[in-house]
Amino acid sequence: MENIKLRNGVEMPILGYGVYQVSPSECERCVSDAISTGYRMIDTAQAYSNEEGVGNAMAKSGVPRNQLFIVSKIWISNAGYERAKNSIDESLRKLKSDYIDLMLIHQPFGDYYGSYRAMEEAYKAGKLRAIGVSNFYPDRFIDLAEFSEIPPMVNQVETHVFNQQIVAQQIMQEYGAHIMAWGPFAEGRNNFFNNEALVEIGNKHGKSAAQVALRYLIQRGVVVIPKSVHKERMEQNIDVFDFTLDSEDMQRIRQLDLGRSLFFSHYDPQTVKWLVQYGKSK
């Protein structure tokens with residue numbers, strides 16, 4: 001496994017296992033499978049309702065806590081200093097851990113400045129080893145980075161071959177932050193797994209389209225968190241460190257970029273209204 005080094009010196013695996021849409025009843029089993037397969041980073045969130053499953057799997061894994069890297073996120077309903085502060089302690093309890101390796105603000109809505117102050121405080125207290133944000137477009141990312149005491153170290157955003165976030169990644173790098181991809185397979189949208197370019201490049205290297213897509217992001221320095229509930233797929237997704245895409249491969253995949261989301265836009269008023277209402281209710 002390859003690591004990246006965050007601005008504060010903390011090392012973070014460049015590939016981990018995501019548990020978005022993994023049901024609470026299945027989460028412990030899936031995370032246990034992922035850890036036994038070799039994953040050492042697990043990405044969860046308060047909104048996923050499966051932090052406890054992650055914590056149970058970690059506790060039973062036999063892997064020392066300092067060899068695991070756990071990511072969680074503060075949800076909209078916990079926005080604001082006091083609520084965020086309490087929610088961090090609740091996440092620690094559910095994860096059965098004295099610290100979380102990386103805590104993110106899940107969405108740029110509500111009093112996320114208050115949430116960020118709570119994270120900065122928890123970081124100084126040793127409860128969080130690193131802090132950052134998720135779904136912050138360049139404008140809001142710059143705003144928060146410029147006016148926070150400890151600028152975000154990570155920004156987790158939709159990133160895949162059809163929405164490559166080239167400019168956003170450059171802006172993050174200007175502030176010493178790393179980009180982390182959610183949805184690296186675009187949840188199969190746009191006929192992802194049968195894309196002609198990915199399949200042909202995969203055949204060239206003896207790899208699948210999915211493995212090529214992950215390798216492309218990794219070679220760009222993008223942290224990826226592919227999700228699967230099937231152990232054989234988990235094994236395939238982590239098996240991407242024994243080949244290298246050449247410049248021709250990279251350029252061909254670069255041309256797949258549509259420069260837009262395949263899911264939703266935070267600039268769309270209706271999307272924002274829906275997310276905020278959903279966030280308040282969850």
# chains A, B, ... in the order shown; residues from 1 in each chain; ligands from 1
>>> residues_around(residues="segment 247-261 of chain A", least_positions_apart="6", cutoff="12 Å", atoms="only C-alpha atoms", output="PyMOL selection string")
chain A and resi 135+137+157-168+182-183+186+189-190+192+195-205+209+212-220+267-268
>>> write_last_selection(atoms="N, CA and C atoms", output="compact mmCIF listing (two decimals), in the first residue's frame")
# COMPACT_ATOMS: atom_id res chain seq x y z
N ASN A 135 -17.04 17.77 -0.15
CA ASN A 135 -18.01 18.43 -1.04
C ASN A 135 -17.89 19.96 -1.04
N TYR A 137 -16.75 22.99 -2.92
CA TYR A 137 -16.30 23.45 -4.24
C TYR A 137 -15.19 24.49 -4.04
N VAL A 157 -14.19 14.98 -2.60
CA VAL A 157 -15.18 15.42 -3.59
C VAL A 157 -15.42 14.32 -4.63
N GLU A 158 -16.54 14.42 -5.32
CA GLU A 158 -16.82 13.49 -6.42
C GLU A 158 -15.68 13.56 -7.43
N THR A 159 -14.99 12.45 -7.62
CA THR A 159 -13.86 12.42 -8.55
C THR A 159 -13.79 11.05 -9.21
N HIS A 160 -13.86 11.05 -10.52
CA HIS A 160 -13.75 9.82 -11.31
C HIS A 160 -13.36 10.23 -12.73
N VAL A 161 -13.25 9.28 -13.62
CA VAL A 161 -12.72 9.61 -14.95
C VAL A 161 -13.62 10.56 -15.74
N PHE A 162 -14.90 10.63 -15.38
CA PHE A 162 -15.81 11.52 -16.09
C PHE A 162 -15.94 12.90 -15.43
N ASN A 163 -15.42 13.01 -14.21
CA ASN A 163 -15.40 14.30 -13.50
C ASN A 163 -14.09 14.34 -12.70
N GLN A 164 -13.04 14.77 -13.36
CA GLN A 164 -11.69 14.55 -12.85
C GLN A 164 -11.18 15.61 -11.89
N GLN A 165 -11.86 16.73 -11.75
CA GLN A 165 -11.53 17.75 -10.74
C GLN A 165 -10.09 18.27 -10.90
N ILE A 166 -9.67 18.47 -12.13
CA ILE A 166 -8.30 18.92 -12.38
C ILE A 166 -8.03 20.28 -11.73
N VAL A 167 -8.90 21.26 -12.02
CA VAL A 167 -8.71 22.60 -11.48
C VAL A 167 -8.87 22.60 -9.97
N ALA A 168 -9.89 21.90 -9.47
CA ALA A 168 -10.11 21.85 -8.03
C ALA A 168 -8.90 21.26 -7.31
N TRP A 182 -14.65 10.61 -3.67
CA TRP A 182 -15.79 9.72 -3.43
C TRP A 182 -16.38 9.36 -4.79
N GLY A 183 -16.97 8.17 -4.85
CA GLY A 183 -17.53 7.71 -6.12
C GLY A 183 -16.51 7.50 -7.21
N ALA A 186 -18.02 6.26 -10.17
CA ALA A 186 -19.23 6.99 -10.57
C ALA A 186 -20.48 6.15 -10.38
N ARG A 189 -22.31 4.81 -13.39
CA ARG A 189 -23.02 5.66 -14.35
C ARG A 189 -22.21 5.87 -15.62
N ASN A 190 -22.91 6.27 -16.66
CA ASN A 190 -22.29 6.55 -17.97
C ASN A 190 -21.59 5.30 -18.52
N PHE A 192 -19.85 3.09 -17.07
CA PHE A 192 -18.47 3.20 -16.57
C PHE A 192 -17.63 1.95 -16.83
N ASN A 195 -16.61 1.17 -20.48
CA ASN A 195 -16.05 2.24 -21.29
C ASN A 195 -14.92 1.70 -22.18
N GLU A 196 -15.00 2.03 -23.45
CA GLU A 196 -14.06 1.46 -24.42
C GLU A 196 -12.61 1.75 -24.07
N ALA A 197 -12.31 2.99 -23.71
CA ALA A 197 -10.93 3.35 -23.40
C ALA A 197 -10.42 2.59 -22.18
N LEU A 198 -11.23 2.54 -21.13
CA LEU A 198 -10.80 1.85 -19.91
C LEU A 198 -10.62 0.36 -20.15
N VAL A 199 -11.54 -0.24 -20.92
CA VAL A 199 -11.44 -1.67 -21.21
C VAL A 199 -10.19 -1.97 -22.03
N GLU A 200 -9.93 -1.17 -23.07
CA GLU A 200 -8.77 -1.42 -23.93
C GLU A 200 -7.46 -1.23 -23.17
N ILE A 201 -7.39 -0.20 -22.35
CA ILE A 201 -6.18 0.01 -21.55
C ILE A 201 -6.03 -1.13 -20.55
N GLY A 202 -7.15 -1.59 -20.00
CA GLY A 202 -7.11 -2.72 -19.07
C GLY A 202 -6.59 -3.98 -19.73
N ASN A 203 -7.05 -4.25 -20.94
CA ASN A 203 -6.57 -5.43 -21.67
C ASN A 203 -5.07 -5.35 -21.90
N LYS A 204 -4.58 -4.16 -22.15
CA LYS A 204 -3.14 -3.94 -22.38
C LYS A 204 -2.31 -4.31 -21.15
N HIS A 205 -2.87 -4.06 -19.97
CA HIS A 205 -2.13 -4.30 -18.72
C HIS A 205 -2.61 -5.54 -17.97
N ALA A 209 -11.38 -2.61 -16.20
CA ALA A 209 -11.65 -1.18 -16.37
C ALA A 209 -11.65 -0.48 -15.02
N VAL A 212 -8.09 0.05 -13.82
CA VAL A 212 -7.46 1.12 -14.59
C VAL A 212 -7.91 2.48 -14.08
N ALA A 213 -9.23 2.61 -13.81
CA ALA A 213 -9.77 3.88 -13.32
C ALA A 213 -9.17 4.27 -11.98
N LEU A 214 -9.00 3.30 -11.09
CA LEU A 214 -8.38 3.58 -9.79
C LEU A 214 -6.92 3.95 -9.96
N ARG A 215 -6.23 3.21 -10.83
CA ARG A 215 -4.81 3.48 -11.04
C ARG A 215 -4.59 4.88 -11.59
N TYR A 216 -5.47 5.31 -12.48
CA TYR A 216 -5.36 6.64 -13.06
C TYR A 216 -5.42 7.71 -11.97
N LEU A 217 -6.38 7.57 -11.07
CA LEU A 217 -6.51 8.56 -10.00
C LEU A 217 -5.31 8.50 -9.06
N ILE A 218 -4.88 7.30 -8.71
CA ILE A 218 -3.74 7.16 -7.80
C ILE A 218 -2.49 7.81 -8.38
N GLN A 219 -2.26 7.64 -9.69
CA GLN A 219 -1.08 8.24 -10.30
C GLN A 219 -1.16 9.76 -10.35
N ARG A 220 -2.37 10.30 -10.19
CA ARG A 220 -2.55 11.74 -10.08
C ARG A 220 -2.47 12.21 -8.64
N TYR A 267 -24.31 24.10 -6.83
CA TYR A 267 -24.68 25.43 -7.33
C TYR A 267 -26.14 25.49 -7.76
N ASP A 268 -26.81 24.32 -7.77
CA ASP A 268 -28.22 24.27 -8.18
C ASP A 268 -29.12 24.51 -6.97
>>> atom_distance(atom1="atom CA of Glu149 of chain A", atom2="atom CA of Ile4 of chain A")
22.7 Å
>>> atom_distance(atom1="atom CA of Lys282 of chain A", atom2="atom CA of Ile76 of chain A")
8.5 Å
>>> closest_residue(among="A:Ile14, A:Cys27, A:Leu102, A:Ile238", to="Lys207 of chain A", atoms="only C-alpha atoms")
A:Ile238
>>> select_by_dssp(residues="segment 47-226 of chain A", states="strand (DSSP E)", output="VMD selection string")
chain A and resid 69 to 74 102 to 105 131 to 134 154 to 158 178 to 182 223 to 224
>>> write_last_selection(atoms="N, CA and C atoms", output="CSV table (one decimal), in the first residue's frame")
chain,number,residue,atom,x,y,z
A,69,PHE,N,-6.4,3.5,9.7
A,69,PHE,CA,-6.7,4.9,9.4
A,69,PHE,C,-8.2,5.1,9.2
A,70,ILE,N,-8.8,5.8,10.2
A,70,ILE,CA,-10.3,5.9,10.1
A,70,ILE,C,-10.7,7.3,9.8
A,71,VAL,N,-11.6,7.4,8.8
A,71,VAL,CA,-12.2,8.7,8.4
A,71,VAL,C,-13.6,8.7,8.7
A,72,SER,N,-14.1,9.8,9.3
A,72,SER,CA,-15.5,10.0,9.5
A,72,SER,C,-15.9,11.5,9.2
A,73,LYS,N,-17.2,11.8,9.2
A,73,LYS,CA,-17.6,13.1,8.7
A,73,LYS,C,-18.8,13.6,9.6
A,74,ILE,N,-18.8,14.9,9.9
A,74,ILE,CA,-19.8,15.6,10.6
A,74,ILE,C,-21.0,15.9,9.7
A,102,LEU,N,-8.9,11.1,10.6
A,102,LEU,CA,-9.3,12.2,9.7
A,102,LEU,C,-10.8,12.5,9.9
A,103,MET,N,-11.2,13.7,10.3
A,103,MET,CA,-12.6,14.1,10.4
A,103,MET,C,-12.8,15.2,9.4
A,104,LEU,N,-13.9,15.1,8.7
A,104,LEU,CA,-14.3,16.0,7.7
A,104,LEU,C,-15.7,16.6,8.0
A,105,ILE,N,-15.9,17.8,7.5
A,105,ILE,CA,-17.3,18.4,7.4
A,105,ILE,C,-17.9,17.8,6.2
A,131,ILE,N,-7.8,17.1,10.0
A,131,ILE,CA,-9.1,17.6,9.7
A,131,ILE,C,-9.2,18.1,8.3
A,132,GLY,N,-10.5,18.1,7.8
A,132,GLY,CA,-10.7,18.6,6.4
A,132,GLY,C,-12.2,18.8,6.1
A,133,VAL,N,-12.5,18.7,4.9
A,133,VAL,CA,-13.9,19.0,4.4
A,133,VAL,C,-14.2,18.0,3.3
A,134,SER,N,-15.5,18.0,3.0
A,134,SER,CA,-16.0,17.1,1.9
A,134,SER,C,-17.1,17.9,1.1
A,154,VAL,N,-7.6,17.9,3.8
A,154,VAL,CA,-8.2,17.0,2.8
A,154,VAL,C,-9.5,17.6,2.3
A,155,ASN,N,-9.8,17.5,1.1
A,155,ASN,CA,-11.2,17.8,0.6
A,155,ASN,C,-11.6,16.6,-0.2
A,156,GLN,N,-12.7,15.9,0.3
A,156,GLN,CA,-13.2,14.8,-0.4
A,156,GLN,C,-14.4,15.2,-1.3
A,157,VAL,N,-14.2,15.0,-2.6
A,157,VAL,CA,-15.2,15.4,-3.6
A,157,VAL,C,-15.4,14.3,-4.6
A,158,GLU,N,-16.5,14.4,-5.3
A,158,GLU,CA,-16.8,13.5,-6.4
A,158,GLU,C,-15.7,13.6,-7.4
A,178,HIS,N,-4.9,17.7,0.2
A,178,HIS,CA,-5.0,16.6,-0.7
A,178,HIS,C,-6.4,16.4,-1.1
A,179,ILE,N,-6.6,15.9,-2.4
A,179,ILE,CA,-7.9,15.6,-2.9
A,179,ILE,C,-8.2,14.1,-2.6
A,180,MET,N,-9.4,13.8,-2.2
A,180,MET,CA,-9.9,12.5,-1.9
A,180,MET,C,-11.1,12.3,-2.7
A,181,ALA,N,-11.2,11.1,-3.4
A,181,ALA,CA,-12.3,10.9,-4.3
A,181,ALA,C,-13.4,10.1,-3.7
A,182,TRP,N,-14.7,10.6,-3.7
A,182,TRP,CA,-15.8,9.7,-3.4
A,182,TRP,C,-16.4,9.4,-4.8
A,223,VAL,N,-6.6,10.3,-3.5
A,223,VAL,CA,-6.9,9.3,-2.6
A,223,VAL,C,-8.2,8.7,-3.0
A,224,VAL,N,-8.3,7.4,-3.0
A,224,VAL,CA,-9.6,6.7,-3.5
A,224,VAL,C,-10.1,5.8,-2.4
>>> residues_around(residues="Asn66 of chain A", least_positions_apart="5", cutoff="12 Å", atoms="only C-alpha atoms", output="list in words")
Val10, Glu11, Met12, Arg40, Met41, Met58, Ser97, Asp98, Tyr99, Ile100, Asp101 and Arg129 of chain A
>>> write_last_selection(atoms="C-alpha atoms", output="PDB file, in the first residue's frame")
ATOM      1  CA  VAL A  10       0.408  12.316   9.209  1.00  0.00           C
ATOM      2  CA  GLU A  11       0.621   9.476   6.691  1.00  0.00           C
ATOM      3  CA  MET A  12      -2.597   8.375   5.011  1.00  0.00           C
ATOM      4  CA  ARG A  40      -5.998  -0.163   6.335  1.00  0.00           C
ATOM      5  CA  MET A  41      -8.143   2.927   5.718  1.00  0.00           C
ATOM      6  CA  MET A  58     -11.749  -2.746  14.068  1.00  0.00           C
ATOM      7  CA  SER A  97     -11.488   4.668  19.651  1.00  0.00           C
ATOM      8  CA  ASP A  98      -9.712   7.453  21.510  1.00  0.00           C
ATOM      9  CA  TYR A  99      -9.065   9.285  18.253  1.00  0.00           C
ATOM     10  CA  ILE A 100     -10.200   9.565  14.638  1.00  0.00           C
ATOM     11  CA  ASP A 101      -7.469   9.816  12.032  1.00  0.00           C
ATOM     12  CA  ARG A 129      -5.148  13.474  13.901  1.00  0.00           C
TER      13      ARG A 129
END
>>> select_by_dssp(residues="segment 115-267 of chain A", states="helix (DSSP H, G or I)", output="PyMOL selection string")
chain A and resi 115-124+138-147+166-174+186-194+196-205+209-219+231-238+247-254
>>> write_last_selection(atoms="C-alpha atoms", output="short mmCIF file (atom, residue, chain, number, x, y, z; two decimals), in the first residue's frame")
data_model
loop_
_atom_site.label_atom_id
_atom_site.label_comp_id
_atom_site.auth_asym_id
_atom_site.auth_seq_id
_atom_site.Cartn_x
_atom_site.Cartn_y
_atom_site.Cartn_z
CA SER A 115 -18.20 22.86 13.06
CA TYR A 116 -14.71 23.62 11.85
CA ARG A 117 -13.83 25.43 15.09
CA ALA A 118 -14.95 22.34 17.00
CA MET A 119 -12.72 20.20 14.80
CA GLU A 120 -9.75 22.50 15.30
CA GLU A 121 -10.27 22.26 19.06
CA ALA A 122 -10.56 18.45 18.92
CA TYR A 123 -7.44 18.33 16.75
CA LYS A 124 -5.45 20.30 19.32
CA PRO A 138 -13.26 25.68 -4.90
CA ASP A 139 -15.02 28.91 -3.85
CA ARG A 140 -16.07 27.67 -0.41
CA PHE A 141 -12.85 25.73 0.04
CA ILE A 142 -10.78 28.88 -0.53
CA ASP A 143 -13.00 30.86 1.83
CA LEU A 144 -12.62 28.36 4.67
CA ALA A 145 -8.91 27.83 4.03
CA GLU A 146 -8.23 31.58 4.14
CA PHE A 147 -10.15 32.21 7.37
CA ILE A 166 -8.30 18.92 -12.38
CA VAL A 167 -8.71 22.60 -11.48
CA ALA A 168 -10.11 21.85 -8.03
CA GLN A 169 -7.12 19.62 -7.27
CA GLN A 170 -4.72 22.38 -8.31
CA ILE A 171 -6.45 24.83 -5.96
CA MET A 172 -6.28 22.33 -3.08
CA GLN A 173 -2.58 21.86 -3.73
CA GLU A 174 -2.05 25.63 -3.51
CA ALA A 186 -19.23 6.99 -10.57
CA GLU A 187 -21.51 4.27 -9.16
CA GLY A 188 -21.41 2.69 -12.61
CA ARG A 189 -23.02 5.66 -14.35
CA ASN A 190 -22.29 6.55 -17.97
CA ASN A 191 -21.62 2.83 -18.67
CA PHE A 192 -18.47 3.20 -16.57
CA PHE A 193 -17.32 -0.42 -16.43
CA ASN A 194 -17.73 -0.96 -20.18
CA GLU A 196 -14.06 1.46 -24.42
CA ALA A 197 -10.93 3.35 -23.40
CA LEU A 198 -10.80 1.85 -19.91
CA VAL A 199 -11.44 -1.67 -21.21
CA GLU A 200 -8.77 -1.42 -23.93
CA ILE A 201 -6.18 0.01 -21.55
CA GLY A 202 -7.11 -2.72 -19.07
CA ASN A 203 -6.57 -5.43 -21.67
CA LYS A 204 -3.14 -3.94 -22.38
CA HIS A 205 -2.13 -4.30 -18.72
CA ALA A 209 -11.65 -1.18 -16.37
CA ALA A 210 -12.24 -0.54 -12.66
CA GLN A 211 -8.60 -1.19 -11.80
CA VAL A 212 -7.46 1.12 -14.59
CA ALA A 213 -9.77 3.88 -13.32
CA LEU A 214 -8.38 3.58 -9.79
CA ARG A 215 -4.81 3.48 -11.04
CA TYR A 216 -5.36 6.64 -13.06
CA LEU A 217 -6.51 8.56 -10.00
CA ILE A 218 -3.74 7.16 -7.80
CA GLN A 219 -1.08 8.24 -10.30
CA LYS A 231 -14.77 -9.74 -0.96
CA GLU A 232 -13.54 -10.76 -4.41
CA ARG A 233 -14.20 -7.23 -5.66
CA MET A 234 -12.43 -5.80 -2.62
CA GLU A 235 -9.42 -7.92 -3.59
CA GLN A 236 -9.52 -6.64 -7.18
CA ASN A 237 -9.86 -3.01 -6.10
CA ILE A 238 -6.76 -3.14 -3.91
CA SER A 247 1.71 8.76 -20.67
CA GLU A 248 -0.42 7.62 -23.60
CA ASP A 249 -2.80 5.79 -21.25
CA MET A 250 -3.02 8.81 -18.96
CA GLN A 251 -3.75 11.19 -21.82
CA ARG A 252 -6.44 8.94 -23.26
CA ILE A 253 -8.20 8.75 -19.91
CA ARG A 254 -7.76 12.49 -19.42
#
>>> residues_around(residues="Ser23 of chain A", least_positions_apart="2", cutoff="9 Å", atoms="only C-alpha atoms", output="PyMOL selection string")
chain A and resi 19-21+25-27+48-50
>>> write_last_selection(atoms="C-alpha atoms", output="compact mmCIF listing (two decimals), in the first residue's frame")
# COMPACT_ATOMS: atom_id res chain seq x y z
CA VAL A 19 -18.80 2.18 3.49
CA TYR A 20 -21.29 4.61 1.94
CA GLN A 21 -24.60 2.74 1.40
CA SER A 25 -26.35 -4.82 9.51
CA GLU A 26 -23.71 -5.62 6.87
CA CYS A 27 -21.07 -3.08 7.80
CA TYR A 48 -24.13 6.53 7.04
CA SER A 49 -25.39 5.17 10.39
CA ASN A 50 -22.68 2.50 10.37
>>> residues_around(residues="Gly53 of chain A", least_positions_apart="4", cutoff="7 Å", atoms="only C-alpha atoms", output="JSON, numbers by chain")
{"A": [24, 27, 28, 57]}
>>> write_last_selection(atoms="N, CA and C atoms", output="PDB file, in the first residue's frame")
ATOM      1  N   PRO A  24     -26.098  -0.838   8.078  1.00  0.00           N
ATOM      2  CA  PRO A  24     -25.544  -1.099   9.410  1.00  0.00           C
ATOM      3  C   PRO A  24     -25.427  -2.590   9.719  1.00  0.00           C
ATOM      4  N   CYS A  27     -22.310  -3.853   7.735  1.00  0.00           N
ATOM      5  CA  CYS A  27     -21.065  -3.085   7.797  1.00  0.00           C
ATOM      6  C   CYS A  27     -19.939  -3.823   8.517  1.00  0.00           C
ATOM      7  N   GLU A  28     -20.224  -4.421   9.659  1.00  0.00           N
ATOM      8  CA  GLU A  28     -19.164  -5.097  10.399  1.00  0.00           C
ATOM      9  C   GLU A  28     -18.536  -6.197   9.565  1.00  0.00           C
ATOM     10  N   ALA A  57     -15.772  -3.956  13.858  1.00  0.00           N
ATOM     11  CA  ALA A  57     -14.844  -4.687  12.996  1.00  0.00           C
ATOM     12  C   ALA A  57     -13.405  -4.376  13.368  1.00  0.00           C
TER      13      ALA A  57
END
>>> residues_around(residues="Arg7 of chain A", least_positions_apart="2", cutoff="9 Å", atoms="only C-alpha atoms", output="MDAnalysis selection string")
chainID A and resid 5 9:10 153 176:178
>>> write_last_selection(atoms="C-alpha atoms", output="PDB file, in the first residue's frame")
ATOM      1  CA  LYS A   5       1.781  12.580   3.705  1.00  0.00           C
ATOM      2  CA  GLY A   9       3.145  14.905   8.635  1.00  0.00           C
ATOM      3  CA  VAL A  10       0.408  12.316   9.209  1.00  0.00           C
ATOM      4  CA  MET A 153      -5.784  19.045   4.989  1.00  0.00           C
ATOM      5  CA  GLY A 176      -1.381  22.213   0.908  1.00  0.00           C
ATOM      6  CA  ALA A 177      -4.490  20.017   0.887  1.00  0.00           C
ATOM      7  CA  HIS A 178      -4.972  16.596  -0.699  1.00  0.00           C
TER       8      HIS A 178
END
